[in-house]
Amino acid sequence: MTLTETVPAKFEQELATARFTDDMLAEMRALIGTELRTEGSVNNEYADRHAILRFCEGIGDGNPLWTDEEYAAGSVHGGIIAPPTFIFACLGSVQVGWRGLGGFHAETNLEFHKRIRLGDKITARIVFDGFDGPIEASNFAGRRIKDYLRQEYRNQDGELVATFICSRMRFERSEMQAKRETRKIELPHPWKAEEIEQIEQDILAETPRGATPRYWEDVAVGEELDVITKGPIGLTDFIAFVASGAAPIPRIAAHGVALRRYAKHPKWAFRDPNTHALEPVYSVHYNDYAAGLQGAQIAYDVGIQRTSWGVQQLTDWMGDAGFLKKVHGQYRAHVYLSDVVRLGGTVVEKYIDEDGDHVVKVETWAMNQRDKNVMPGSAVVKLPVREDASA
């Protein structure tokens, strides 16, 4: 038989479903320590000007340090540098195992070691570090597994640029779907015209600190950081993120290229009953039908997308001379189409760290319009000091 004759029978209108079994757990334990293939998930190798610009546009970060050649040339860096989360535009992540189970990105731990400069070549090494569980049933998703991928990004000189520990919750889709009604909320959100006007005014008033140094001596414990706003989230916001190169895993493709991949890996796709087209599992982030199969209400954001918003809030606040050293965040609820998220934080500690850097620790938050903190976390920021203003 030809490929055309055999493909349609392989695809269902549902996402693959499976249950945790002893064999599955044993198979995954045997993979611990394995270095994973990345070639199907690389989106950018080089931090060229347009790759950086596309990523910044995809997360809505207009900081001129990343995007304006003239401004960047006059900065303390002498030229364009990439935002810290540009590593996601090189390779967001990969998938490993857990055949037939659903997954949500649950937690991110990032450590940044060096800035990415224009022209740098970034390569990633990813290792499966293992998992916890199965964890007992919850009201959210039933029994679940939390797994860990360690992603190390290096530049062309072999220098470690960033380390990303990506933790996902794996769950039985049938359990997630069964509990869907317990999480039901009104969507799309019923915004009033005056609320939308205020949101957009707040967004237009946001300004990165830029060239004015934020000195360590001037920051006080208890100080509130400037807030940035994202939303109401629209479909184009999700599409722009995909187009920026920061997602998905593996890369999205079209027509014959995609069909041949799905024929080789049938569980990567399902047949949309409305269009009869094959869609990847990743389409939960822009396809309401797929999101429902995952147990969500409608299409929802990507974990590293939300983290990129949080990092923008931090880099806007710290100014050009600051350096973001660490970021931690947990994803506590979906951010849906039509939602608004405001991101901010509070300085909770000032100290000199083990590297001799003058840093502040920040407790971060991301509040939606329902007063839900959808990404509680923390960050460590290195700031310049007055006796060494060039730091």
# chains A, B, ... in the order shown; residues from 1 in each chain; ligands from 1
>>> residues_around(residues="Ser308 (chain A)", least_positions_apart="6", cutoff="9 Å", atoms="only C-alpha atoms", output="list in words")
Ile59, Asp61, Pro84, Thr85, Phe86 and Phe88 of chain A
>>> residues_around(residues="Ser244 (chain A)", least_positions_apart="3", cutoff="10 Å", atoms="only C-alpha atoms", output="PyMOL selection string")
chain A and resi 43-44+50-59+86+88-90+238-241+247
>>> residues_around(residues="region 63-79 of chain A", least_positions_apart="4", cutoff="9 Å", atoms="only C-alpha atoms", output="ChimeraX atom specification")
/A:49-50,52-53,56,83,117-118,207-208,210-211,312,315-316,320-321,390
>>> closest_residue(among="A:Ala263, A:Met169, A:Val360, A:Val381", to="Phe11 (chain A)", atoms="only C-alpha atoms")
A:Ala263
>>> closest_residue(among="A:Ser167, A:Gln95, A:Asp339, A:Gly356", to="Tyr282 (chain A)", atoms="only C-alpha atoms")
A:Gln95
>>> residues_around(residues="region 149-163 of chain A", least_positions_apart="2", cutoff="7 Å", atoms="only C-alpha atoms", output="VMD selection string")
chain A and resid 110 to 115 120 to 129 147 165 to 167
>>> residues_around(residues="Asp355 (chain A)", least_positions_apart="3", cutoff="12 Å", atoms="only C-alpha atoms", output="number ranges by chain")
A: 113, 325, 351-352, 358-359, 382
>>> atom_distance(atom1="CA of Ala243 (chain A)", atom2="CA of Ile80 (chain A)")
21.0 Å
>>> closest_residue(among="A:Tyr46, A:Arg260, A:Glu363, A:Ala26", to="Val221 (chain A)", atoms="only C-alpha atoms")
A:Glu363
>>> select_by_dssp(residues="region 52-174 of chain A", states="alpha helix (DSSP H)", output="PyMOL selection string")
chain A and resi 52-59+64-67+69-73+87-90+173-174
>>> closest_residue(among="A:Trp98, A:Phe131, A:Trp317, A:Phe104", to="Val302 (chain A)", atoms="only C-alpha atoms")
A:Phe104
>>> residues_around(residues="Lys146 (chain A)", least_positions_apart="4", cutoff="9 Å", atoms="only C-alpha atoms", output="list of chain:residue names")
A:Ala106, A:Gly130, A:Phe131, A:Asp132, A:Gly133, A:Pro134, A:Ile135, A:Ser167, A:Arg168, A:Met169, A:Arg170
